[in-house]
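Chemist: Got a structure here, written out as structure tokens. Questions coming.
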Amino acid sequence: MRTGASWAAAFVAALAITWSAALQAQDTTHTIDQGVRVGITYTAGVRPSIVVLPARGIDSALAILSRDLDNSDRFEVINLAQGDAAGPKLPSAAWNSGPNPTPINYSLYRTLGADYGVEVVPDQSGAVVRLHDLKAGAVRREQKMTLPTPDTPDFRMSVHRMADEVVRWATGTPGIAATRVAYVANKRVYRVDGDGADLVAVTPSTDEALSPAWSPDGQRLAYTQFVGGHGAIVVVSLGSGARTTVPTTNRDLNITPSFAPDGKTLAFARSNEDGTDIYSADVLAGCCVQRLTVGRFADNLSPTYSPDGRRIAFVSTRAGLPQIYVMAADGTDQELLAPFDYGVTGSSNAPEWSPDGASVIFHREVSRSPQLFVLDIASHRVRQLTSAGRNEDATWAPDGRHLAFVSDRSGRKQLWIIDTETGRIRQLTFAGGVRLPAWSRRLAGTAAGSTQ
Amino acid sequence: MAMSSRALSLLFAVSVIAACGGKAAPEQPAPSGTTNSDAATRARQDSIDAANRARAEADARDRADRDRMAREAADRGAHDRGSVLEQLATMIHFDYDKADVQEADNQVLDLKAGILSANPAVRLRVSGHADERGSDEYNLAIGNRRAAAAKRYLVNKGVDAARIEVISYGEERPLDPGHDEAAYTKNRRAEFEVIAGGDNLVAPR
């Protein structure tokens with residue numbers, strides 16, 4: 001047991017950590033996108049605080065878990081210091097280890113100011129995960145989950161799924177850790193975990209690829225295979241590596257693929273001397289190509305399905321500059337979706353319908369610089385999300401509140417993630433020249449996309 | 001026939017003028033509350049005006065350069081296969097976010113049309129390109145539109161449409177890797193490549 005004095009010191013340290021985290025978060029909100037309102041204001045102390053309880057032998061899993069909880073932007077995460085590092089430390093009595101763990105000392109954890117504690121107790125076949133309500137002094141939820149050893153391919157995804165469950169237990173909505181972001185760099189499609197780790201190339205270095213799009217189950221990616229000014233739409237199965245070409249896309253330039261929620265219909269745009277128009281095809285049966293737009297003197301591209309699969313938002317130049325329109329999934333009932341002032345509003349591109357169906361994100365040029373805008377479907381009102389640097393090609397996380405997007409705010413084009421509720425921003429990639437991101441839905445418990 | 005082609009070039013001229021008119025217009029709204037005489041606002045507006053002036057001057061310079069290059073190409077005449085090929089391959093350029101053939105490039109395309117009619121075996125591939133600023137994916141569409149506009153011009157001059165193939169590279173193949181207005185101006189272009197019948201070229205009579 002420690003003395004009262006050292007406890008007081010630890011408590012002060014804990015306060016300092018929480019405080020500095022809050023300051024940092026506020027700083028981020030204000031300096032990166034000054035003057036732009038994003039939903040509710042991020043006020044320190046409003047979110048519940050959470051601490052991952054230490055456990056021996058699974059440090060790497062707990063580190064991933066803690067970071068995932070932080071990335072969910074739904075908690076203040078209290079990080080306990082390891083070893084001699086600075087930060088709040090717990091007395092050994094609070095440690096929970098061995099086959100017969102001592103009960104959680106709730107009063108000790110309460111001194112950290114934490115609302116929730118996450119306890120992971122590994123066993124032979126996985127781990128038992130417990131969410132403690134520290135204020136109430138009781139277990140809120142507990143569940144046996146898979147936890148492979150860190151050297152197995154599914155290790156990180158398993159921890160991510162664990163984190164998403166913990167978020168669901170605490171908030172009612174699952175987290176977004178068990179997801180991947182596909183993007184283009186150096187002419188190849190890569191995919192990376194939602195926390196920026198586990199980077200894997202999806203397309204061969206011999207191909208030039210553009211515009212990756214996830215199937216709803218996260219098992220396949222569609223993309224444009226660009227060859228000599230032409231482009232085919234290829235669908236790759238991430239498990240087997242098998243590639244198929246979407247029918248009729250072996251001629252002309254076929255771009256901007258997008259899966260329908262049914263996982264078998266794929267919409268895409270085809271450019272040839274008649275202009276650019278949107279088509280759909282059945283990629284499972286390899287048939288049934290349908291033309292959805294007839295542009296004549298306008299381009300139509302970048303289709304994105306509503307989550308019920310009944311409508312498609314897309315880009316059209318029918319009024320001159322590209323703007324955001326909507327149509328029924330069969331191509332009928334085409335109309336303007338995002339209002340604009342003719343001759344004043346800049347080009348608008350790259351729409352993506354939110355997973356909850358309530359909004360469409362897109363980018364629009366403001367003084368020749370693209371910025372993210374979000375359109376509220378019900379009110380048809382448009383709100384600007386970013387203003388610093390060039391910000392473009394946003395893609396929704398499955399929670400419908402986080403977005404990954406391309407920004408040059410740090411110099412070269414990188415992927416960043418913004419929480420539209422708090423305005424908190426983090427950088428996802430650090431190698432230059434990254435573009436055209438696509439965020440997967442939550443990846444199920446199979447080894448989806450975990451093959452090399 | 002002659003009537004309709006004149007009407008067409010008139011139409012092109014009008015659209016180019018319209019485009020230029022749009023460009024010359026101030027891009028920023030005038031400061032609204034001049035009475036509050038906010039020095040910072042004025043300074044900011046001044047710098048915007050200066051930037052607009054600089055851009056307009058750069059655009060004018062580029063246009064003059066292109067005019068001169070086109071005139072020089074025309075003056076050199078089409079006396080040997082080399083210069084015929086060169087004239088076939090001369091690029092044309094486009095305004096930002098525009099896919100209309102510019103008046104300055106009519107002469108370049110007219111020369112190509114003449115060469116194509118004197119050499120019926122020649123087939124051309126036109127590739128459209130964009131600068132890096134617009135949306136990556138939209139740039140593929142606008143590149144395609146630029147190539148298609150060049151093709152349409154030539155077809156309107158009597159060239160068989162089947163002899164011209166249209167492709168787009170969007171912003172994927174910049175001519176100038178720079179990130180400034182000068183680079184962008186060069187990169188917004190259509191390139192012309194002879195893909196068949198390029199041997200034994202003759203100059204138009």
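In the structure tokens, the first chain shown is A, the next is B, and so on; residue numbers restart at 1 for each chain, and ligands run from 1 in the order shown.
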What are the closest atom pairs, with distances in Å to one decimal, for each residue of chain A lying within 10 Å of chain B, using only C-alpha atoms, rows by chain and rising residue number, as CSV?
Modeler:
```
residue,atom,partner,partner_atom,distance
A:Lys187,CA,B:Glu172,CA,9.3
A:Glu208,CA,B:Glu172,CA,10.0
A:Leu210,CA,B:Glu137,CA,8.5
A:Ser211,CA,B:Glu137,CA,7.8
A:Phe226,CA,B:Tyr169,CA,8.9
A:Val227,CA,B:Tyr169,CA,9.4
A:Gly228,CA,B:Tyr169,CA,7.8
A:Gly229,CA,B:Ser168,CA,4.9
A:His230,CA,B:Ile167,CA,6.4
A:Gly231,CA,B:Ser168,CA,9.5
A:Asp252,CA,B:Ile167,CA,7.5
A:Leu253,CA,B:Ile167,CA,7.4
A:Asn254,CA,B:Leu140,CA,9.6
A:Ile255,CA,B:Glu137,CA,7.4
A:Thr256,CA,B:Glu137,CA,7.0
A:Ala269,CA,B:Ala141,CA,9.2
A:Arg270,CA,B:Ala141,CA,8.8
A:Ser271,CA,B:Ala141,CA,6.4
A:Asn272,CA,B:Asn144,CA,6.7
A:Glu273,CA,B:Ala148,CA,5.1
A:Asp274,CA,B:Ala148,CA,7.7
A:Gly275,CA,B:Arg145,CA,6.3
A:Thr276,CA,B:Ala141,CA,6.3
A:Asp277,CA,B:Ala141,CA,9.6
A:Phe297,CA,B:Arg145,CA,9.3
A:Ala298,CA,B:Arg145,CA,9.2
A:Asp299,CA,B:Ala141,CA,6.9
A:Asn300,CA,B:Ala141,CA,8.6
A:Leu301,CA,B:Tyr138,CA,7.6
A:Ser302,CA,B:Glu137,CA,7.8
A:Val315,CA,B:Tyr138,CA,8.6
A:Ser316,CA,B:Tyr138,CA,9.8
A:Thr317,CA,B:Ile142,CA,9.9
A:Gly320,CA,B:Lys98,CA,9.2
A:Leu321,CA,B:Asp97,CA,7.5
A:Pro322,CA,B:Tyr138,CA,8.2
A:Gly343,CA,B:Gly22,CA,8.9
A:Val344,CA,B:Glu27,CA,8.9
A:Ser347,CA,B:Gly134,CA,8.2
A:Ser348,CA,B:Ser135,CA,8.6
A:Asn349,CA,B:Ser135,CA,6.6
A:Ala350,CA,B:Ser135,CA,7.5
A:His363,CA,B:Ser135,CA,8.6
A:Arg364,CA,B:Ser135,CA,9.3
A:Glu365,CA,B:Gly134,CA,8.4
A:Ser367,CA,B:Glu27,CA,8.0
A:Arg368,CA,B:Arg133,CA,7.9
A:Ser369,CA,B:Arg133,CA,7.9
A:Pro370,CA,B:Gly134,CA,8.1
A:Arg390,CA,B:Arg133,CA,9.6
A:Glu392,CA,B:Ser135,CA,7.7
A:Asp393,CA,B:Ser135,CA,7.9
A:Arg435,CA,B:Asp136,CA,8.6
A:Leu436,CA,B:Asp136,CA,8.0
```
Chemist: Residues near Gly175 in chain A, anyone? I mean within 12 Å using only C-alpha atoms, not counting same-chain ones fewer than 2 positions away, as a ChimeraX atom specification.
Modeler: /A:65,67-75,159-173,177-179,194-195,397-402,441-443
Chemist: Keeping only C-alpha atoms, write the selected residues to a file as a CSV table (one decimal), in the first residue's frame.
Modeler:
```csv
chain,number,residue,atom,x,y,z
A,65,LEU,CA,-7.8,-1.1,-27.0
A,67,ARG,CA,-6.2,4.0,-28.4
A,68,ASP,CA,-9.4,2.7,-30.1
A,69,LEU,CA,-11.5,4.0,-27.2
A,70,ASP,CA,-9.8,7.4,-27.6
A,71,ASN,CA,-10.3,7.3,-31.4
A,72,SER,CA,-14.1,6.8,-30.8
A,73,ASP,CA,-14.2,10.4,-29.5
A,74,ARG,CA,-16.8,9.3,-27.0
A,75,PHE,CA,-14.6,9.2,-23.8
A,159,VAL,CA,-8.9,-6.1,-30.3
A,160,HIS,CA,-10.6,-3.5,-32.5
A,161,ARG,CA,-13.9,-5.6,-32.2
A,162,MET,CA,-13.4,-5.8,-28.5
A,163,ALA,CA,-13.1,-2.0,-28.4
A,164,ASP,CA,-16.2,-1.5,-30.5
A,165,GLU,CA,-18.2,-3.7,-28.1
A,166,VAL,CA,-17.0,-1.8,-25.1
A,167,VAL,CA,-18.0,1.5,-26.8
A,168,ARG,CA,-21.4,0.0,-27.4
A,169,TRP,CA,-21.8,-1.2,-23.8
A,170,ALA,CA,-21.0,2.2,-22.5
A,171,THR,CA,-22.8,4.4,-25.1
A,172,GLY,CA,-25.3,2.2,-26.9
A,173,THR,CA,-23.5,2.7,-30.2
A,177,ALA,CA,-12.2,0.5,-34.7
A,178,ALA,CA,-12.9,-2.7,-36.5
A,179,THR,CA,-12.9,-1.0,-39.9
A,194,GLY,CA,-8.9,2.6,-38.7
A,195,ASP,CA,-6.1,3.4,-36.2
A,397,ALA,CA,-17.1,6.0,-40.9
A,398,PRO,CA,-19.8,3.5,-40.1
A,399,ASP,CA,-20.9,5.6,-37.1
A,400,GLY,CA,-22.0,8.4,-39.5
A,401,ARG,CA,-20.1,11.0,-37.4
A,402,HIS,CA,-16.5,10.5,-38.3
A,441,ARG,CA,-18.3,-0.7,-42.8
A,442,ARG,CA,-17.6,-2.6,-39.6
A,443,LEU,CA,-15.8,-5.8,-40.5
```
Chemist: If we count only C-alpha atoms, what is near range 411-419 of chain A at a cut-off of 8 Å, once residues fewer than 5 positions away on the same chain are taken out, given as a list in words?
Modeler: Asp73, Arg401, His402, Leu403, Ala404, Phe405, Val406, Arg424, Ile425, Arg426, Gln427, Leu428, Thr429, Phe430, Ala431, Gly432, Gly433, Val434, Arg435 and Pro437 of chain A
Chemist: In range 41-194 of chain B, what's strand (DSSP E or B) per DSSP? Answer as a tab-separated table (two decimals) with N, CA and C atoms, in the first residue's frame?
Modeler:
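Saved the output as out.tsv:
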```
chain	number	residue	atom	x	y	z
B	92	ILE	N	-3.19	21.60	-77.61
B	92	ILE	CA	-4.04	22.76	-77.36
B	92	ILE	C	-4.30	22.86	-75.85
B	93	HIS	N	-4.69	24.04	-75.41
B	93	HIS	CA	-4.85	24.26	-73.97
B	93	HIS	C	-6.23	24.77	-73.60
B	123	ARG	N	-4.62	8.04	-88.47
B	123	ARG	CA	-5.56	7.98	-87.36
B	123	ARG	C	-4.93	8.66	-86.14
B	124	LEU	N	-5.74	9.40	-85.41
B	124	LEU	CA	-5.24	10.18	-84.27
B	124	LEU	C	-5.83	9.68	-82.96
B	125	ARG	N	-5.03	9.74	-81.91
B	125	ARG	CA	-5.56	9.55	-80.57
B	125	ARG	C	-5.42	10.87	-79.81
B	126	VAL	N	-6.53	11.38	-79.33
B	126	VAL	CA	-6.52	12.64	-78.58
B	126	VAL	C	-6.66	12.31	-77.10
B	127	SER	N	-5.71	12.79	-76.30
B	127	SER	CA	-5.82	12.56	-74.85
B	127	SER	C	-6.05	13.89	-74.14
B	128	GLY	N	-7.05	13.91	-73.27
B	128	GLY	CA	-7.36	15.11	-72.51
B	128	GLY	C	-6.70	15.06	-71.14
B	129	HIS	N	-6.24	16.22	-70.68
B	129	HIS	CA	-5.54	16.30	-69.40
B	129	HIS	C	-6.06	17.47	-68.58
B	164	ILE	N	-10.56	9.23	-85.26
B	164	ILE	CA	-10.06	9.88	-84.05
B	164	ILE	C	-10.54	9.16	-82.81
B	165	GLU	N	-9.58	8.74	-81.99
B	165	GLU	CA	-9.90	8.06	-80.73
B	165	GLU	C	-9.72	9.06	-79.60
B	166	VAL	N	-10.59	8.94	-78.59
B	166	VAL	CA	-10.56	9.89	-77.48
B	166	VAL	C	-10.25	9.16	-76.17
B	167	ILE	N	-9.25	9.63	-75.44
B	167	ILE	CA	-8.96	9.07	-74.12
B	167	ILE	C	-8.71	10.22	-73.13
B	168	SER	N	-8.66	9.87	-71.86
B	168	SER	CA	-8.40	10.90	-70.84
B	168	SER	C	-7.42	10.40	-69.81
B	169	TYR	N	-6.51	11.28	-69.42
B	169	TYR	CA	-5.60	10.97	-68.33
B	169	TYR	C	-5.92	11.81	-67.08
B	170	GLY	N	-6.96	12.64	-67.16
B	170	GLY	CA	-7.23	13.47	-65.99
B	170	GLY	C	-5.99	14.23	-65.56
B	189	ARG	N	-4.59	20.49	-71.00
B	189	ARG	CA	-4.25	20.39	-72.42
B	189	ARG	C	-4.90	19.17	-73.07
B	190	ALA	N	-4.87	19.17	-74.41
B	190	ALA	CA	-5.16	17.94	-75.16
B	190	ALA	C	-3.94	17.64	-75.99
B	191	GLU	N	-3.50	16.38	-75.95
B	191	GLU	CA	-2.37	15.94	-76.75
B	191	GLU	C	-2.87	15.10	-77.92
B	192	PHE	N	-2.10	15.12	-79.02
B	192	PHE	CA	-2.51	14.41	-80.24
B	192	PHE	C	-1.40	13.45	-80.64
B	193	GLU	N	-1.77	12.20	-80.80
B	193	GLU	CA	-0.78	11.18	-81.12
B	193	GLU	C	-1.23	10.45	-82.38
B	194	VAL	N	-0.30	10.31	-83.35
B	194	VAL	CA	-0.63	9.57	-84.57
B	194	VAL	C	-0.53	8.08	-84.25
```
